[in-house]
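Source file input08.cif; content: mmCIF, C-alpha atoms.
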data_structure
#
loop_
_atom_site.label_atom_id
_atom_site.label_comp_id
_atom_site.auth_asym_id
_atom_site.auth_seq_id
_atom_site.Cartn_x
_atom_site.Cartn_y
_atom_site.Cartn_z
CA MET A 1 -74.54 131.24 -42.74
CA THR A 2 -75.95 130.68 -39.28
CA GLY A 3 -74.05 129.16 -36.40
CA ILE A 4 -73.60 128.77 -32.68
CA LYS A 5 -71.04 130.66 -30.68
CA GLY A 6 -70.30 129.93 -27.07
CA GLY A 7 -68.32 131.68 -24.38
CA GLY A 8 -68.54 132.32 -20.67
CA GLY A 9 -71.42 129.89 -20.36
CA GLU A 10 -73.48 131.82 -22.90
CA THR A 11 -74.70 130.56 -26.26
CA THR A 12 -75.67 132.89 -29.09
CA LEU A 13 -77.40 132.13 -32.37
CA VAL A 14 -75.83 134.40 -34.96
CA SER A 15 -76.23 135.13 -38.65
CA SER A 16 -73.74 136.36 -41.19
CA GLY A 17 -76.34 138.82 -42.47
CA SER A 18 -76.94 142.35 -41.26
CA GLN A 19 -78.23 141.24 -37.86
CA GLU A 20 -75.27 140.43 -35.66
CA THR A 21 -77.32 138.67 -33.00
CA VAL A 22 -80.58 137.16 -34.11
CA TYR A 23 -82.01 135.85 -30.86
CA ALA A 24 -81.51 137.04 -27.33
CA ASP A 25 -81.92 134.68 -24.37
CA CYS A 26 -80.63 131.99 -26.70
CA ARG A 27 -80.76 128.96 -24.46
CA HIS A 28 -84.53 129.36 -24.28
CA SER A 29 -84.79 130.09 -28.02
CA LEU A 30 -82.65 127.10 -28.95
CA ALA A 31 -84.87 124.85 -26.82
CA VAL A 32 -87.86 126.11 -28.82
CA LEU A 33 -86.08 125.38 -32.11
CA GLU A 34 -85.16 121.91 -30.89
CA ALA A 35 -88.85 121.25 -30.19
CA VAL A 36 -89.64 122.28 -33.78
CA ARG A 37 -86.90 120.01 -35.13
CA GLU A 38 -88.26 117.07 -33.14
CA ARG A 39 -91.71 117.76 -34.55
CA MET A 40 -90.37 117.61 -38.12
CA GLU A 41 -88.57 114.35 -37.36
CA ALA A 42 -91.74 112.87 -35.88
CA ALA A 43 -93.73 113.87 -38.98
CA ALA A 44 -91.19 112.19 -41.27
CA GLU A 45 -91.31 109.00 -39.24
CA ARG A 46 -95.11 108.96 -39.07
CA ILE A 47 -95.78 109.74 -42.73
CA GLY A 48 -93.15 107.36 -44.05
CA ARG A 49 -92.15 109.42 -47.09
CA PRO A 50 -90.33 112.71 -47.67
CA VAL A 51 -91.92 115.53 -45.70
CA VAL A 52 -92.38 119.12 -46.89
CA ALA A 53 -92.54 121.65 -44.05
CA GLY A 54 -93.78 125.12 -44.95
CA LEU A 55 -92.08 127.84 -42.88
CA GLY A 56 -93.98 131.08 -43.43
CA GLY A 57 -94.60 134.43 -41.83
CA PRO A 58 -94.32 138.14 -42.59
CA GLY A 59 -91.00 139.63 -43.68
CA GLY A 60 -88.55 140.44 -40.91
CA THR A 61 -89.39 137.63 -38.49
CA GLY A 62 -86.23 135.56 -38.96
CA LYS A 63 -87.59 132.75 -41.15
CA SER A 64 -84.42 132.25 -43.20
CA THR A 65 -82.22 132.02 -40.12
CA ILE A 66 -84.60 129.55 -38.48
CA ALA A 67 -84.74 127.41 -41.63
CA ARG A 68 -80.94 127.27 -41.94
CA TYR A 69 -80.54 126.46 -38.26
CA LEU A 70 -83.10 123.64 -38.33
CA CYS A 71 -81.72 122.17 -41.54
CA ALA A 72 -78.14 122.17 -40.26
CA ARG A 73 -79.24 120.03 -37.32
CA THR A 74 -81.55 117.65 -39.16
CA ASP A 75 -80.32 114.60 -41.06
CA ASP A 76 -81.09 114.48 -44.80
CA CYS A 77 -82.67 117.94 -44.89
CA ALA A 78 -82.73 120.74 -47.48
CA VAL A 79 -84.08 124.29 -47.65
CA LEU A 80 -86.17 125.59 -50.56
CA PRO A 81 -86.15 129.43 -50.57
CA LEU A 82 -89.56 130.49 -51.83
CA ASP A 83 -88.62 134.11 -52.54
CA ASP A 84 -86.87 132.82 -55.66
CA TYR A 85 -90.21 131.78 -57.16
CA ARG A 86 -91.19 135.42 -57.63
CA LYS A 87 -92.16 136.51 -61.12
CA PRO A 88 -89.85 138.97 -62.91
CA ARG A 89 -89.82 142.36 -61.23
CA ALA A 90 -90.95 144.13 -64.41
CA ALA A 91 -94.01 141.89 -64.71
CA ARG A 92 -94.93 142.47 -61.07
CA ALA A 93 -94.42 146.23 -61.38
CA ALA A 94 -96.74 146.35 -64.40
CA SER A 95 -99.46 144.78 -62.23
CA GLY A 96 -98.57 146.77 -59.11
CA LEU A 97 -97.64 143.62 -57.20
CA LEU A 98 -94.87 142.74 -54.78
CA GLY A 99 -93.56 139.23 -54.20
CA SER A 100 -95.63 139.10 -51.01
CA HIS A 101 -98.80 138.90 -53.15
CA PRO A 102 -99.62 135.34 -54.28
CA GLU A 103 -100.14 136.47 -57.86
CA GLY A 104 -96.62 137.89 -57.87
CA ASN A 105 -95.24 134.34 -57.65
CA ARG A 106 -94.91 131.35 -59.97
CA LEU A 107 -97.33 129.28 -57.91
CA GLY A 108 -97.80 126.60 -60.57
CA LEU A 109 -94.08 125.85 -60.71
CA LEU A 110 -93.84 125.96 -56.92
CA ARG A 111 -96.66 123.43 -56.56
CA GLU A 112 -94.95 121.13 -59.07
CA HIS A 113 -91.72 121.29 -57.09
CA LEU A 114 -93.38 120.70 -53.72
CA ALA A 115 -95.21 117.66 -55.12
CA ALA A 116 -91.95 116.32 -56.58
CA ALA A 117 -90.22 116.75 -53.22
CA ARG A 118 -92.95 114.68 -51.57
CA ARG A 119 -92.25 111.94 -54.11
CA GLY A 120 -88.60 111.97 -53.13
CA GLU A 121 -87.38 113.73 -56.28
CA ALA A 122 -84.85 116.53 -56.67
CA VAL A 123 -86.02 119.83 -58.18
CA GLU A 124 -84.28 122.53 -60.20
CA ARG A 125 -85.38 125.60 -58.31
CA PRO A 126 -85.14 129.09 -59.81
CA VAL A 127 -82.47 131.41 -58.43
CA PHE A 128 -83.71 135.01 -58.41
CA ASP A 129 -81.10 137.58 -59.41
CA PRO A 130 -81.90 140.88 -57.60
CA SER A 131 -79.77 142.94 -59.98
CA ALA A 132 -81.53 141.51 -63.05
CA GLY A 133 -84.94 141.47 -61.39
CA GLU A 134 -85.66 137.90 -62.48
CA ALA A 135 -84.54 134.30 -62.12
CA ARG A 136 -81.86 133.53 -64.71
CA THR A 137 -80.36 130.33 -63.34
CA THR A 138 -81.49 127.26 -61.42
CA GLU A 139 -80.08 125.23 -58.56
CA ARG A 140 -80.67 121.57 -57.73
CA VAL A 141 -82.33 120.94 -54.36
CA GLY A 142 -82.87 117.52 -52.85
CA PRO A 143 -83.95 114.85 -52.80
CA ALA A 144 -84.30 115.11 -49.04
CA ARG A 145 -86.15 113.31 -46.28
CA ILE A 146 -87.26 116.70 -44.94
CA LEU A 147 -87.60 119.79 -47.13
CA ILE A 148 -88.13 123.16 -45.44
CA ALA A 149 -89.93 125.49 -47.86
CA GLU A 150 -89.21 128.93 -46.43
CA GLY A 151 -90.72 132.29 -47.34
CA GLU A 152 -93.69 134.61 -46.86
CA ILE A 153 -95.72 132.73 -49.46
CA ALA A 154 -95.55 129.51 -47.38
CA ALA A 155 -98.25 131.07 -45.20
CA HIS A 156 -100.61 131.56 -48.19
CA ARG A 157 -103.88 129.78 -47.53
CA GLY A 158 -103.99 128.59 -51.13
CA LEU A 159 -100.84 126.52 -50.58
CA ALA A 160 -101.83 124.93 -47.26
CA ASP A 161 -102.52 121.54 -48.84
CA ALA A 162 -99.03 121.43 -50.38
CA PHE A 163 -97.34 121.08 -46.98
CA ASP A 164 -97.22 118.18 -44.54
CA LEU A 165 -96.37 120.51 -41.66
CA ARG A 166 -97.06 124.24 -41.46
CA ILE A 167 -94.89 126.48 -39.27
CA LEU A 168 -95.52 130.21 -38.88
CA VAL A 169 -93.12 132.77 -37.41
CA GLU A 170 -94.72 135.93 -36.05
CA ALA A 171 -93.23 139.04 -34.46
CA HIS A 172 -94.14 142.45 -33.09
CA TRP A 173 -94.63 145.00 -35.88
CA ARG A 174 -91.67 147.04 -34.61
CA THR A 175 -89.43 143.97 -34.92
CA GLN A 176 -90.66 143.36 -38.46
CA LEU A 177 -90.12 147.01 -39.42
CA HIS A 178 -86.64 147.24 -37.92
CA THR A 179 -85.48 144.02 -39.56
CA ARG A 180 -86.91 144.90 -42.96
CA LEU A 181 -85.46 148.41 -42.98
CA THR A 182 -82.04 147.12 -41.92
CA ARG A 183 -82.03 144.38 -44.56
CA ASP A 184 -83.59 146.32 -47.43
CA ILE A 185 -81.41 149.39 -47.00
CA ARG A 186 -78.07 147.71 -46.24
CA GLU A 187 -78.33 144.53 -48.31
CA ARG A 188 -80.81 145.34 -51.06
CA LYS A 189 -79.71 148.98 -51.46
CA CYS A 190 -83.26 150.34 -51.22
CA SER A 191 -83.89 153.95 -50.28
CA LEU A 192 -85.53 154.57 -46.91
CA GLU A 193 -88.74 155.65 -48.67
CA ARG A 194 -88.84 152.50 -50.80
CA ALA A 195 -88.09 150.23 -47.82
CA ILE A 196 -90.99 151.76 -45.89
CA GLU A 197 -93.30 151.39 -48.92
CA VAL A 198 -92.40 147.71 -49.20
CA TYR A 199 -93.00 147.17 -45.47
CA LEU A 200 -96.42 148.83 -45.60
CA GLN A 201 -97.54 146.83 -48.64
CA SER A 202 -95.97 143.49 -47.79
CA ASN A 203 -96.33 143.25 -44.03
CA LEU A 204 -99.45 145.30 -43.36
CA ARG A 205 -101.54 144.68 -46.49
CA ASP A 206 -100.54 141.57 -48.44
CA TYR A 207 -99.62 139.24 -45.63
CA PRO A 208 -102.79 139.70 -43.50
CA ALA A 209 -104.96 139.42 -46.63
CA PHE A 210 -103.56 136.09 -47.85
CA ALA A 211 -102.05 134.30 -44.85
CA ASP A 212 -103.78 131.42 -43.10
CA PRO A 213 -103.25 131.89 -39.34
CA ALA A 214 -103.95 128.21 -38.67
CA ALA A 215 -100.73 126.20 -38.45
CA ASP A 216 -99.27 123.15 -36.75
CA ILE A 217 -96.68 125.30 -35.00
CA VAL A 218 -96.66 129.06 -34.38
CA LEU A 219 -93.49 130.74 -33.13
CA TYR A 220 -93.35 134.29 -31.84
CA ARG A 221 -90.23 136.45 -31.86
CA THR A 222 -90.49 138.99 -29.04
CA ARG A 223 -89.21 142.55 -29.19
CA ASN A 224 -86.04 141.52 -27.32
CA GLY A 225 -85.40 138.71 -29.81
CA ARG A 226 -86.59 135.78 -27.73
CA LEU A 227 -88.41 132.95 -29.52
CA LYS A 228 -91.57 131.62 -27.90
CA LEU A 229 -93.58 128.55 -28.83
CA ARG A 230 -97.05 130.00 -29.11
CA THR A 231 -99.07 127.15 -30.67
CA VAL A 232 -98.50 123.43 -31.22
CA GLY A 233 -101.25 121.65 -33.14
CA GLY A 234 -102.12 118.00 -32.98
CA THR A 235 -100.89 116.85 -36.42
#

As structure tokens, please, write out the structure in this file.
Amino acid sequence: MTGIKGGGGETTLVSSGSQETVYADCRHSLAVLEAVRERMEAAAERIGRPVVAGLGGPGGTGKSTIARYLCARTDDCAVLPLDDYRKPRAARAASGLLGSHPEGNRLGLLREHLAAARRGEAVERPVFDPSAGEARTTERVGPARILIAEGEIAAHRGLADAFDLRILVEAHWRTQLHTRLTRDIRERKCSLERAIEVYLQSNLRDYPAFADPAADIVLYRTRNGRLKLRTVGGT
């Protein structure tokens, strides 16, 4: 859960995950997030039907926290976690793939769900069980006026046409590494060696190979945690 805490004139965006404070210099960062929220609202008004916003970027940039924050402050909004569309771990391991590789995901099902969301329909999304290594249950999402589809795969160039608005979150490689190691070791119980292997493959190989750097909005998370609005396109 993400929330706002205030005290002594300071405002801090916090997460209940392993990172106690997600963004430093929060008044500036929250202003950036408000600009993104306004852009989503404008897209929904202009298009006149449910809008699907793809929120992508390499692992460790804070996408999940941003998605939850935006959704909590946007009327009739839902989040679709794209990591749950990953194929079973055993199937990916047999092919030497991680979930960061497009072929390690159920792209056909994901496309069906994104199209349904645009039509104003609810979807039964898969819920990936880390202990089982596969999705064993589903969860109803939507219908929603604005759906934020969040995950690394949202940046995949092959999915660009499935989104009405594309938002990328970038960060310094040290920020990505620190966040991934913290999360993978503490929350996912990976060994240090495995966490580094995943970072090297996912962040340094898969993501650059398949991501489309062109987006309507590009955010950058600095090394001190500050969010900057780097690019705003004309859509």

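Atom CA of A:Leu147 is positioned 28.4 Å from atom CA of A:Leu177.
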
Residues matched by the PyMOL selection byres ((chain A and resi 99) around 12) as a JSON list (two decimals) with C-alpha atoms, in the frame of the given file:
[["chain", "number", "residue", "atom", "x", "y", "z"],
["A", 58, "PRO", "CA", -94.32, 138.14, -42.59],
["A", 59, "GLY", "CA", -91.00, 139.63, -43.68],
["A", 82, "LEU", "CA", -89.56, 130.49, -51.83],
["A", 83, "ASP", "CA", -88.62, 134.11, -52.54],
["A", 84, "ASP", "CA", -86.87, 132.82, -55.66],
["A", 85, "TYR", "CA", -90.21, 131.78, -57.16],
["A", 86, "ARG", "CA", -91.19, 135.42, -57.63],
["A", 87, "LYS", "CA", -92.16, 136.51, -61.12],
["A", 88, "PRO", "CA", -89.85, 138.97, -62.91],
["A", 89, "ARG", "CA", -89.82, 142.36, -61.23],
["A", 90, "ALA", "CA", -90.95, 144.13, -64.41],
["A", 91, "ALA", "CA", -94.01, 141.89, -64.71],
["A", 92, "ARG", "CA", -94.93, 142.47, -61.07],
["A", 93, "ALA", "CA", -94.42, 146.23, -61.38],
["A", 95, "SER", "CA", -99.46, 144.78, -62.23],
["A", 96, "GLY", "CA", -98.57, 146.77, -59.11],
["A", 97, "LEU", "CA", -97.64, 143.62, -57.20],
["A", 98, "LEU", "CA", -94.87, 142.74, -54.78],
["A", 100, "SER", "CA", -95.63, 139.10, -51.01],
["A", 101, "HIS", "CA", -98.80, 138.90, -53.15],
["A", 102, "PRO", "CA", -99.62, 135.34, -54.28],
["A", 103, "GLU", "CA", -100.14, 136.47, -57.86],
["A", 104, "GLY", "CA", -96.62, 137.89, -57.87],
["A", 105, "ASN", "CA", -95.24, 134.34, -57.65],
["A", 106, "ARG", "CA", -94.91, 131.35, -59.97],
["A", 107, "LEU", "CA", -97.33, 129.28, -57.91],
["A", 128, "PHE", "CA", -83.71, 135.01, -58.41],
["A", 133, "GLY", "CA", -84.94, 141.47, -61.39],
["A", 134, "GLU", "CA", -85.66, 137.90, -62.48],
["A", 151, "GLY", "CA", -90.72, 132.29, -47.34],
["A", 152, "GLU", "CA", -93.69, 134.61, -46.86],
["A", 153, "ILE", "CA", -95.72, 132.73, -49.46],
["A", 198, "VAL", "CA", -92.40, 147.71, -49.20],
["A", 199, "TYR", "CA", -93.00, 147.17, -45.47],
["A", 201, "GLN", "CA", -97.54, 146.83, -48.64],
["A", 202, "SER", "CA", -95.97, 143.49, -47.79],
["A", 203, "ASN", "CA", -96.33, 143.25, -44.03],
["A", 206, "ASP", "CA", -100.54, 141.57, -48.44],
["A", 207, "TYR", "CA", -99.62, 139.24, -45.63]]

- Item | Closest of A:Arg205, A:Arg145, A:Arg183, A:His178 to A:Val52 - atom-to-atom distances counting all atoms listed in the file | A:Arg145

- Which distance in Å separates atom CA of A:Glu150 and atom CA of A:Pro81, to one decimal?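 Atom CA of A:Glu150 sits 5.2 Å away from atom CA of A:Pro81.
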
Mind working out the centre and edge lengths of an axis-aligned box for stretch 93-98 of chain A, all listed atoms inside, 4 Å added to each side, rounded to one decimal in Å and written as lines of an AutoDock Vina configuration file?
center_x = -96.9
center_y = 144.8
center_z = -59.6
size_x = 13.0
size_y = 12.0
size_z = 17.6

- Message: On this structure, the PyMOL selection byres ((chain A and resi 159) around 12) would catch which residues? List them as a ChimeraX atom specification, sorted by chain and number.
- Response: /A:52-56,102,105,107-108,110-112,114-115,149,152-158,160-166,210-212

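Atom CA of A:Leu219 to atom CA of A:Val127 spans 27.6 Å [interatomic distance, one decimal].
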
- Query: Taking into account all atoms listed in the file, which residue in the set A:Leu30, A:Leu70, A:Leu204, A:Cys77 is nearest to A:Pro50?
  - Reply: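 Of A:Leu30, A:Leu70, A:Leu204, A:Cys77, the one nearest A:Pro50 is A:Cys77, counting all atoms listed in the file.
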
- Using all atoms listed in the file: which of A:Arg73, A:Arg188, A:His28, A:Arg118 has the shortest distance to A:Ala44: A:Arg118

- Message: Starting from the PyMOL selection byres ((chain A and resi 60) around 6), expand the selection into actual residues of this file and give them as a list in words.
- Response: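 On the file shown, the PyMOL selection byres ((chain A and resi 60) around 6) covers Gly59, Thr61, Gly62, Gln176, Thr179 and Arg180 of chain A.
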
- Query: Nearest to A:Ala117 among A:Ala43, A:Ala35, A:Ile167, A:Ile148, with distances taken over all atoms listed in the file: which residue is it?
  - Reply: A:Ile148
